[in-house]
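J.: Below you'll find the structure I mean.
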Amino acid sequence: MDLLNTLVDKGLRRKSPSREEALAVLATSDDDLLDVVAAAGKVRRHWFGRRVKLNYLVNLKSGLCPEDCSYCSQRLGSQAGILKYTWLKPDEASKAAAAGLAGGAKRVCLVASGRGPTDRDVDRVSDTIKTIKEQNEGVEVCACLGLLSDGQAERLREAGADAYNHNLNTSEGTYADITTTHTYADRVETVQKAHAAGLSACSGLIAGMGESDEDLVDVVFSLRELDPDSVPVNFLIPFEGTPLAKEWNLTPQRCLRILAMVRFVCPDAEVRIAGGREVHLRSMQPLALHLANSIFLGDYLTSEGQAGKADLEMIADAGFEVEGTDQVTLPEHRVSGGCGSEDVCGSEGVCGSAAPSVSEPRTDLVAVRRRGAGTDLAPNA
């Protein structure tokens, strides 16, 4: 396909596709899917070889969030039967992190529910970061605490944080349909604060919330403009007890096309398969490794992932290797940042195909986390 040859050429040169080209990737047919994966795989291997970076989540504080994000099981008014607990102590968090690091994780992501941290919360998380760094040589630590106030990113950086995560989640045009207690601009501002403080910015999206192809392309192009080093791609986990519990809009093929589009738009960024891969990619997860160079190991914040051992076996069986702590994730030119963008035209009726089929709900695959942080049971890593 001329489209795929063009996208590979642009990806190898760090040149952005046009919006029309990005939309065309999402509109490709299932008959062309392996060609799309192979093309995006060339770009992925050019910048990241066959390495897979492993990340491990530690949920420092679970549930009881005052925000009303429709996709979240920890939201205000959520009826999902998730674990609820207040802040883990630094030693507890470090112990949980150690399990993931022993399983091969290179980065620990410290996450806490809530609108954003108080200054006391920043002190608490700073102590946790220092404890983890003291006890685990070479570990990367990413904090994800919500909206940041002035000076908080700098304090996290001084404590030893390497990165800060705050996802845009969806397009600016549809953001108010998903969340009303804060704005899209609030999220953009927090990513910019992390950047300005010298933290590696991590920001991504959630697919499967009923958005259009145009919405997906909008948020990915917005992410490219923000230029995060890491772009997590989450696939909605439709928790019972949340407003989006009935949104089963994804198929494995649709997920692969979304990952391919993200890779073409952000060719040299760390593209991470995040929450929901087991639920929506299912047996096609190994193909996704040809598109993304990073995954979460084991469980997520409030849901269970597949066994860490199965993740490691999948990576090896697919012909990839786990990235070591002595290896640098990003291409050399990205250490100090640098990416561009361009814009062209639309999609519908141009390069399209029929609308994607809707997956049957697989509620059997949505398992609430009952182990690890906040429990007396061993974590999955």
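Naming scheme: A, B, ... for chains in displayed order of the structure tokens; residues 1 onward per chain; ligands 1 onward as shown.
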So that each row is one residue of segment 194-223 of chain A with an atom at most 10 Å from segment 134-145 of chain A, can you give its shortest atom pair and the distance in Å to one decimal, using only C-alpha atoms, rows by chain and rising number, as a tab-separated table?

T.:
residue	atom	partner	partner_atom	distance
A:Leu199	CA	A:Cys142	CA	8.9
A:Ser200	CA	A:Cys142	CA	8.5
A:Ala201	CA	A:Cys142	CA	9.2
A:Cys202	CA	A:Cys142	CA	8.5

J.: Step one, run DSSP on the backbone; step two, keep only residues of segment 141-332 of chain A assigned to strand (DSSP E or B); then write them as number ranges by chain.

T.: A: 141-144, 163-165, 169, 200-202, 205-207, 230-235, 270-273, 294-296, 303, 321-322

J.: From the list A:Ala260, A:Val328, A:Val219, A:Val271, which residue is nearest Pro232 of chain A when using only C-alpha atoms?

T.: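 The closest residue to Pro232 of chain A is A:Val271.
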
J.: Restricting the calculation to only C-alpha atoms: of A:Tyr175, A:Trp248, A:Phe296, A:Phe264, which residue gets closest to Val279 of chain A?

T.: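 Of the candidates, the smallest distance to Val279 of chain A is held by A:Trp248.
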
J.: Given the choices A:Glu172, A:Lys130, A:Gly210, A:Gly276, which gets closest to Pro243 of chain A if the distance is worked out from only C-alpha atoms?

T.: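 Counting only C-alpha atoms, the residue closest to Pro243 of chain A is A:Gly210.
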
J.: Per residue of segment 95-124 of chain A within 7 Å of segment 60-79 of chain A, which atom pair is closest and at what distance in Å (one decimal), using only C-alpha atoms, listed by chain and increasing number, as CSV?

T.:
residue,atom,partner,partner_atom,distance
A:Leu110,CA,A:Leu60,CA,6.4
A:Val111,CA,A:Leu60,CA,5.7
A:Ala112,CA,A:Lys61,CA,4.7
A:Ser113,CA,A:Cys65,CA,5.6
A:Gly114,CA,A:Cys65,CA,4.6
A:Arg115,CA,A:Glu67,CA,6.2

J.: Those residues with N, CA and C atoms, as a PDB file, in the first residue's frame please?

T.:
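Result file out09.pdb:
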ATOM      1  N   LEU A 110       4.204   5.286  40.615  1.00  0.00           N
ATOM      2  CA  LEU A 110       3.514   5.510  41.880  1.00  0.00           C
ATOM      3  C   LEU A 110       2.276   6.353  41.619  1.00  0.00           C
ATOM      4  N   VAL A 111       1.108   5.766  41.863  1.00  0.00           N
ATOM      5  CA  VAL A 111      -0.154   6.405  41.493  1.00  0.00           C
ATOM      6  C   VAL A 111      -1.007   6.599  42.736  1.00  0.00           C
ATOM      7  N   ALA A 112      -1.706   7.719  42.803  1.00  0.00           N
ATOM      8  CA  ALA A 112      -2.632   7.963  43.907  1.00  0.00           C
ATOM      9  C   ALA A 112      -3.897   8.604  43.371  1.00  0.00           C
ATOM     10  N   SER A 113      -5.044   8.126  43.841  1.00  0.00           N
ATOM     11  CA  SER A 113      -6.313   8.706  43.427  1.00  0.00           C
ATOM     12  C   SER A 113      -6.467  10.102  44.028  1.00  0.00           C
ATOM     13  N   GLY A 114      -7.284  10.912  43.377  1.00  0.00           N
ATOM     14  CA  GLY A 114      -7.532  12.258  43.889  1.00  0.00           C
ATOM     15  C   GLY A 114      -7.390  13.308  42.813  1.00  0.00           C
ATOM     16  N   ARG A 115      -7.870  14.506  43.092  1.00  0.00           N
ATOM     17  CA  ARG A 115      -7.763  15.607  42.131  1.00  0.00           C
ATOM     18  C   ARG A 115      -6.318  16.014  41.920  1.00  0.00           C
TER      19      ARG A 115
END

J.: Mind checking which residues fall within 7 Å of Leu216 of chain A, counting only C-alpha atoms, ignoring those fewer than 5 positions away in the same chain, and posting them as a list in words?

T.: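 Contacts, in chain order: Thr170, Ser171 and Glu211 of chain A.
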
J.: Find, counting only C-alpha atoms, the residue in A:Met209, A:Leu12, A:Leu301, A:Ala153 that gets nearest to Glu247 of chain A.

T.: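 Checking each of A:Met209, A:Leu12, A:Leu301, A:Ala153 against Glu247 of chain A, counting only C-alpha atoms, the winner is A:Met209.
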
J.: Within 12 Å of Asp229 of chain A, counting only C-alpha atoms, which residues show up once you throw out same-chain ones fewer than 6 positions away? Write them as a PDB file with N, CA, C and O atoms, in the first residue's frame, please.

T.:
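Below is the file that was written, around.pdb:
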ATOM      1  N   ASP A 162      11.828  10.560  38.301  1.00  0.00           N
ATOM      2  CA  ASP A 162      12.362  10.673  36.947  1.00  0.00           C
ATOM      3  C   ASP A 162      11.313  11.176  35.960  1.00  0.00           C
ATOM      4  O   ASP A 162      11.653  11.792  34.951  1.00  0.00           O
ATOM      5  N   ALA A 163      10.039  10.875  36.253  1.00  0.00           N
ATOM      6  CA  ALA A 163       8.983  11.175  35.293  1.00  0.00           C
ATOM      7  C   ALA A 163       7.687  11.507  36.021  1.00  0.00           C
ATOM      8  O   ALA A 163       7.523  11.215  37.212  1.00  0.00           O
ATOM      9  N   TYR A 164       6.770  12.130  35.284  1.00  0.00           N
ATOM     10  CA  TYR A 164       5.437  12.393  35.820  1.00  0.00           C
ATOM     11  C   TYR A 164       4.417  12.042  34.755  1.00  0.00           C
ATOM     12  O   TYR A 164       4.547  12.435  33.590  1.00  0.00           O
ATOM     13  N   ASN A 165       3.404  11.289  35.169  1.00  0.00           N
ATOM     14  CA  ASN A 165       2.343  10.887  34.242  1.00  0.00           C
ATOM     15  C   ASN A 165       1.071  11.684  34.498  1.00  0.00           C
ATOM     16  O   ASN A 165       0.614  11.820  35.637  1.00  0.00           O
ATOM     17  N   VAL A 191       0.931  18.563  32.440  1.00  0.00           N
ATOM     18  CA  VAL A 191       1.997  17.962  31.625  1.00  0.00           C
ATOM     19  C   VAL A 191       3.093  18.997  31.362  1.00  0.00           C
ATOM     20  O   VAL A 191       4.292  18.698  31.437  1.00  0.00           O
ATOM     21  N   ALA A 194       5.282  19.457  34.432  1.00  0.00           N
ATOM     22  CA  ALA A 194       6.240  18.363  34.587  1.00  0.00           C
ATOM     23  C   ALA A 194       7.432  18.560  33.660  1.00  0.00           C
ATOM     24  O   ALA A 194       8.595  18.402  34.066  1.00  0.00           O
ATOM     25  N   HIS A 195       7.146  18.904  32.414  1.00  0.00           N
ATOM     26  CA  HIS A 195       8.198  19.185  31.430  1.00  0.00           C
ATOM     27  C   HIS A 195       9.126  20.289  31.933  1.00  0.00           C
ATOM     28  O   HIS A 195      10.355  20.157  31.910  1.00  0.00           O
ATOM     29  N   GLY A 198      11.790  19.574  34.486  1.00  0.00           N
ATOM     30  CA  GLY A 198      12.864  18.650  34.125  1.00  0.00           C
ATOM     31  C   GLY A 198      12.494  17.196  34.284  1.00  0.00           C
ATOM     32  O   GLY A 198      13.356  16.315  34.190  1.00  0.00           O
ATOM     33  N   LEU A 199      11.211  16.918  34.524  1.00  0.00           N
ATOM     34  CA  LEU A 199      10.750  15.538  34.592  1.00  0.00           C
ATOM     35  C   LEU A 199      10.441  15.039  33.185  1.00  0.00           C
ATOM     36  O   LEU A 199      10.012  15.803  32.317  1.00  0.00           O
ATOM     37  N   SER A 200      10.652  13.768  32.952  1.00  0.00           N
ATOM     38  CA  SER A 200      10.255  13.159  31.694  1.00  0.00           C
ATOM     39  C   SER A 200       8.728  13.090  31.678  1.00  0.00           C
ATOM     40  O   SER A 200       8.112  12.483  32.553  1.00  0.00           O
ATOM     41  N   ALA A 201       8.112  13.731  30.708  1.00  0.00           N
ATOM     42  CA  ALA A 201       6.649  13.778  30.663  1.00  0.00           C
ATOM     43  C   ALA A 201       6.091  12.483  30.079  1.00  0.00           C
ATOM     44  O   ALA A 201       6.594  11.955  29.091  1.00  0.00           O
ATOM     45  N   CYS A 202       5.045  11.994  30.727  1.00  0.00           N
ATOM     46  CA  CYS A 202       4.350  10.779  30.300  1.00  0.00           C
ATOM     47  C   CYS A 202       2.880  11.141  30.179  1.00  0.00           C
ATOM     48  O   CYS A 202       2.258  11.554  31.161  1.00  0.00           O
ATOM     49  N   SER A 203       2.306  11.013  28.988  1.00  0.00           N
ATOM     50  CA  SER A 203       0.908  11.387  28.799  1.00  0.00           C
ATOM     51  C   SER A 203       0.327  10.592  27.636  1.00  0.00           C
ATOM     52  O   SER A 203       0.952  10.463  26.581  1.00  0.00           O
ATOM     53  N   GLY A 204      -0.876  10.050  27.859  1.00  0.00           N
ATOM     54  CA  GLY A 204      -1.467   9.197  26.839  1.00  0.00           C
ATOM     55  C   GLY A 204      -2.968   9.354  26.738  1.00  0.00           C
ATOM     56  O   GLY A 204      -3.526  10.420  26.995  1.00  0.00           O
ATOM     57  N   LEU A 223      -1.065  15.139  21.754  1.00  0.00           N
ATOM     58  CA  LEU A 223       0.044  14.560  22.507  1.00  0.00           C
ATOM     59  C   LEU A 223       1.368  14.815  21.794  1.00  0.00           C
ATOM     60  O   LEU A 223       2.375  15.150  22.420  1.00  0.00           O
ATOM     61  N   CYS A 266       3.742   9.250  16.628  1.00  0.00           N
ATOM     62  CA  CYS A 266       4.803   9.463  17.633  1.00  0.00           C
ATOM     63  C   CYS A 266       5.887   8.397  17.431  1.00  0.00           C
ATOM     64  O   CYS A 266       6.072   7.525  18.289  1.00  0.00           O
ATOM     65  N   PRO A 267       6.595   8.435  16.328  1.00  0.00           N
ATOM     66  CA  PRO A 267       7.456   7.314  15.942  1.00  0.00           C
ATOM     67  C   PRO A 267       8.582   6.995  16.909  1.00  0.00           C
ATOM     68  O   PRO A 267       8.932   5.830  17.101  1.00  0.00           O
ATOM     69  N   ASP A 268       9.145   8.036  17.543  1.00  0.00           N
ATOM     70  CA  ASP A 268      10.322   7.821  18.385  1.00  0.00           C
ATOM     71  C   ASP A 268      10.009   7.988  19.870  1.00  0.00           C
ATOM     72  O   ASP A 268      10.919   8.101  20.688  1.00  0.00           O
ATOM     73  N   ALA A 269       8.727   7.999  20.237  1.00  0.00           N
ATOM     74  CA  ALA A 269       8.332   8.055  21.641  1.00  0.00           C
ATOM     75  C   ALA A 269       8.121   6.640  22.170  1.00  0.00           C
ATOM     76  O   ALA A 269       7.849   5.706  21.408  1.00  0.00           O
ATOM     77  N   GLU A 270       8.260   6.507  23.488  1.00  0.00           N
ATOM     78  CA  GLU A 270       7.959   5.222  24.128  1.00  0.00           C
ATOM     79  C   GLU A 270       6.445   5.029  24.117  1.00  0.00           C
ATOM     80  O   GLU A 270       5.719   5.710  24.831  1.00  0.00           O
ATOM     81  N   VAL A 271       5.976   4.133  23.267  1.00  0.00           N
ATOM     82  CA  VAL A 271       4.543   3.824  23.211  1.00  0.00           C
ATOM     83  C   VAL A 271       4.300   2.623  24.114  1.00  0.00           C
ATOM     84  O   VAL A 271       4.887   1.556  23.915  1.00  0.00           O
ATOM     85  N   ARG A 272       3.436   2.814  25.112  1.00  0.00           N
ATOM     86  CA  ARG A 272       3.226   1.790  26.132  1.00  0.00           C
ATOM     87  C   ARG A 272       1.805   1.238  26.060  1.00  0.00           C
ATOM     88  O   ARG A 272       0.839   1.997  26.042  1.00  0.00           O
ATOM     89  N   SER A 294       6.736  -0.895  25.134  1.00  0.00           N
ATOM     90  CA  SER A 294       6.650  -0.802  26.581  1.00  0.00           C
ATOM     91  C   SER A 294       5.304  -1.345  27.033  1.00  0.00           C
ATOM     92  O   SER A 294       4.286  -1.137  26.360  1.00  0.00           O
ATOM     93  N   THR A 329      16.177   3.757  27.243  1.00  0.00           N
ATOM     94  CA  THR A 329      14.944   3.500  26.501  1.00  0.00           C
ATOM     95  C   THR A 329      14.842   4.343  25.244  1.00  0.00           C
ATOM     96  O   THR A 329      14.628   3.819  24.142  1.00  0.00           O
ATOM     97  N   LEU A 330      14.990   5.651  25.387  1.00  0.00           N
ATOM     98  CA  LEU A 330      14.713   6.567  24.287  1.00  0.00           C
ATOM     99  C   LEU A 330      15.900   6.720  23.348  1.00  0.00           C
ATOM    100  O   LEU A 330      17.055   6.604  23.769  1.00  0.00           O
ATOM    101  N   PRO A 331      15.629   7.000  22.067  1.00  0.00           N
ATOM    102  CA  PRO A 331      16.715   7.319  21.144  1.00  0.00           C
ATOM    103  C   PRO A 331      17.496   8.530  21.656  1.00  0.00           C
ATOM    104  O   PRO A 331      16.946   9.397  22.343  1.00  0.00           O
ATOM    105  N   GLU A 332      18.766   8.593  21.306  1.00  0.00           N
ATOM    106  CA  GLU A 332      19.658   9.613  21.856  1.00  0.00           C
ATOM    107  C   GLU A 332      19.148  11.028  21.635  1.00  0.00           C
ATOM    108  O   GLU A 332      19.250  11.881  22.517  1.00  0.00           O
ATOM    109  N   HIS A 333      18.567  11.287  20.463  1.00  0.00           N
ATOM    110  CA  HIS A 333      18.133  12.656  20.154  1.00  0.00           C
ATOM    111  C   HIS A 333      16.967  13.107  21.023  1.00  0.00           C
ATOM    112  O   HIS A 333      16.697  14.297  21.117  1.00  0.00           O
ATOM    113  N   ARG A 334      16.255  12.145  21.674  1.00  0.00           N
ATOM    114  CA  ARG A 334      15.099  12.518  22.472  1.00  0.00           C
ATOM    115  C   ARG A 334      15.461  12.846  23.919  1.00  0.00           C
ATOM    116  O   ARG A 334      14.600  13.294  24.683  1.00  0.00           O
ATOM    117  N   VAL A 335      16.688  12.645  24.296  1.00  0.00           N
ATOM    118  CA  VAL A 335      17.083  12.945  25.671  1.00  0.00           C
ATOM    119  C   VAL A 335      16.799  14.396  25.999  1.00  0.00           C
ATOM    120  O   VAL A 335      16.377  14.740  27.097  1.00  0.00           O
ATOM    121  N   SER A 336      16.966  15.273  25.015  1.00  0.00           N
ATOM    122  CA  SER A 336      16.656  16.692  25.212  1.00  0.00           C
ATOM    123  C   SER A 336      15.401  17.093  24.459  1.00  0.00           C
ATOM    124  O   SER A 336      15.127  18.257  24.260  1.00  0.00           O
ATOM    125  N   GLY A 337      14.634  16.101  24.007  1.00  0.00           N
ATOM    126  CA  GLY A 337      13.348  16.374  23.358  1.00  0.00           C
ATOM    127  C   GLY A 337      13.504  16.699  21.894  1.00  0.00           C
ATOM    128  O   GLY A 337      14.586  16.790  21.347  1.00  0.00           O
ATOM    129  N   GLY A 338      12.367  16.835  21.223  1.00  0.00           N
ATOM    130  CA  GLY A 338      12.376  17.257  19.827  1.00  0.00           C
ATOM    131  C   GLY A 338      11.460  16.444  18.963  1.00  0.00           C
ATOM    132  O   GLY A 338      11.660  15.259  18.765  1.00  0.00           O
ATOM    133  N   CYS A 339      10.402  17.051  18.426  1.00  0.00           N
ATOM    134  CA  CYS A 339       9.444  16.384  17.563  1.00  0.00           C
ATOM    135  C   CYS A 339       8.669  17.475  16.840  1.00  0.00           C
ATOM    136  O   CYS A 339       8.591  18.593  17.303  1.00  0.00           O
TER     137      CYS A 339
END

J.: Could you please determine the separation between atom CA of Ile273 of chain A and atom CA of Ala207 of chain A in Å, to one decimal place?

T.: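 Atom CA of Ala207 of chain A lies 11.4 Å from atom CA of Ile273 of chain A.
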
J.: Check the smallest atom-to-atom distance from each of A:Ala292, A:Val52, A:Ala196, A:Val217 to Leu312 of chain A using only C-alpha atoms, then report the winner.

T.: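 Closest residue, counting only C-alpha atoms: A:Val52.
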
J.: Pick the closest to Asp213 of chain A from A:Ser126, A:Thr28, A:Thr190, A:Thr183: which is it, counting only C-alpha atoms?

T.: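 Among the listed residues, A:Thr28 lies closest to Asp213 of chain A.
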